[in-house]
Structure formats: structure tokens, C-alpha cells
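S.K.: Below are the C-alpha cells for one structure; questions will follow.
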Amino acid sequence: MDEPAEPGLRSRPELLGEVPYLLGYHPADSVVAVFLTDESIILLTGRMDLSTPAAVLVEQWSQVARRYGAASVMLIGYGHRTQSSRVSAIADAVAAQVSVTDVLLVADGEYVCLRCPCREADGVPFDPAATASAARATLAGRVALPSRQELLALTEPDLLEQVSVGAALAQLPVETDDGPAVVRYLMELAADGQRLQVDEVARLVRLLHERPVRDVAWRATGKQMWQRDLWLDVTRRAPAGHVAAPASLAAWCAWQRGEETLAVAALDRALADDKTYLLARLIWHAILHGLPAHQLLKDLPDMQDTSANGEQP
């Protein structure tokens, strides 16, 4: 699920232009659910493969609607015109549990209304990049990559860089400087648009093993684009055993920006590196249960990075 858009998106083209920025990529072979309040304000969006069984979609999205208090949902299919009956069938199944306000299909440079005998039922030419909502999203620093695969690739390891950073780690002297001050300095470099050098990445990932230092970075990470770029870059370059902290910080930033797909991909990297890493587990739990970001920060002083009791969230 991906988090809130600006309110007041009323026309179909404008809402469709916003969807790729809510997801972080242009969907294909997908069905997207846009959850709305009584005032038609977007609460969040969710995406599933178009081939997903309708029963699974109904179960997932009815739970989301209850959890977030959504009054209704708008369903948008992305595929070929031949998928119109599939999208309509999904809408009928979802409507048994949640009020469905609109059902659209985006295909072959058009969008089609599947719920009413209006002129839009025959197809309306549509370019999401030409909408005012897309322009607003771009100005606000939101990104819509060409595909979901390209979004997920932002967290994949850079094998050559991992080797270089690993070699630099082996050569690092014992750290005697103030760890939090070093992290703040390295983050300032990133804020100025500089990509960290190999030795700087090595120093950073080693310092992030210290919980007080990691927490300084956590508290300093919001939803700025440079922070997103920094932690994703470090996640890709960090060698095995050093990925959990930067990947969790990348997930934290992406989640606050409303890029939940990217956040989950970063959490997958973090937990693959260390399945007991509590920060990653907490963010995962918060996303799953719709908890606000500030709640995690409030609980920060009581956290310990040890294995949690019970099953992984």
C-alpha cells in the first residue's frame, strides 16, 4: 500500500495521472485500488497483479478498507482492452464487501469506463504525463519510474561496489571520532548533492552498527529526496552483514514519502541481511497495520536491536 495523495483530485484523467506517483512507478498488468474517504479524499492506494484470484483481492482490500476506515474504493485495471471483463469481475467481487465508486481500464493509450454507459465507455485518449496532477507530483519531488521492476532494482546490490566497500572496511582504522558527528557530516555531504566515496560508505556502514549512531541517522531521516537517494545508494553498496541498517533507513524514508512498494523492497533487503533486525521488523509491522511513523519515533528510547519474541511481523 502507498500513502496519501493530495485531496481534491476529481476528474478521472487527473486521478489517473496521480496513480503512478502514488505507487512510484507506472503499473502494467495490474489492478490498482484507490481507497477514499467520504469526501473522496485519497487515503492510500494498493496494487496487485491482474492475474491475482478475485477472492485474494477481496480479502486483502476489504481488510485494508476496514483498517483505514475507507468509505469506498476506486478500481483501475492496467492491461489490454481484452482484460475489461476481468477487471469488471474483480470490481463485482470487491463491491460485495466495499463500496466501489468507479471502475476504469487503462489500455493502449486510453482509459475506459467499465461502469457506466457514458462516452468514456468507448475509450478516451489518455497520457498520464500530460496531466496537471503529474506535473504537481514532479514539482513535489515524487517519482514515477517506467516499471515496477525498475523501482525494485533501486534496492538491488551493486556487486562491484560491495567488493570495493568490503575492502575499504578491512582497511579502516579503529574509530575514535564521535560517531553521531561523523554520521551527521556524511549526511550533510549527501544533502549537498555529493555521492559518498567508497571509504566514506565503509565508515558509515560500520558506524551504523552502533545503535545510538543508527538512531541519530533514523531521527535525522525524513522524506527528502536526497535522503532517499543516500540510503538507497548505501544499501546497494554495503556488503553482506552491513545492509540491515541502511536498508531500514531507506525503507523508513520511502515509507514517509508514500513509496510503500519501495519501502517493502528495502525491508526485504534488510531482513535478508539480518532477520532479527528490530528496526526493519518494526517498520514492517507499522506498514502492515497502518501505524503512523511518529509512533515509532516516540517508542525509540525503549528499543533494543535484539531478536523479538514471537514470529516475524
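Just so we're on the same page: first chain in the C-alpha cells is A, next is B, and so on; residues restart at 1 for each chain, and ligands are numbered from 1 in the order they show up.
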Neighbouring residues of A:Arg236 were defined as those with any atom within 10 Å, considering only C-alpha atoms; residues of the same chain fewer than 6 positions away were excluded. Please report them as a ChimeraX atom specification.
M.R.: /A:153-159,161-162,243,246-247,266,269
S.K.: If you run DSSP on the backbone here, which positions in stretch 93-196 of chain A get strand (DSSP E)? Please write them as a list in words.
M.R.: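 Checking each residue of stretch 93-196 of chain A, the strand (DSSP E) ones are Val100, Thr101, Asp102, Val103, Leu104, Leu105, Val106, Ala107, Glu110, Tyr111, Val112, Cys113, Val124 and Pro125 of chain A.
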S.K.: Which residues are close to stretch 17-31 of chain A, i.e. within 8 Å by only C-alpha atoms, leaving aside same-chain residues fewer than 3 positions away? Reply as an MDAnalysis selection string.
M.R.: chainID A and resid 2:5 13:14 45:51 75:79 87 127:134 137 142:148 151 258:262
S.K.: Would you mind listing what lies within 12 Å of A:Glu188 as a list in words, with only C-alpha atoms counted and same-chain residues fewer than 5 positions away left out?
M.R.: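 Once the nearby chain positions are removed, what remains is Ala181, Val182, Val183, Gly193, Gln194, Arg195, Leu196, Ala217, Ala220, Thr221, Trp226, Gln227 and Leu230 of chain A.
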S.K.: Report as a list of chain:residue names all protein, DNA and RNA residues lying within 7 Å of A:Val103, evaluated on only C-alpha atoms, omitting residues in the same chain fewer than 2 positions from it.
M.R.: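 Here the answer would be A:Met74, A:Leu75, A:Ile76, A:Ala91, A:Cys113, A:Leu114, A:Arg115.
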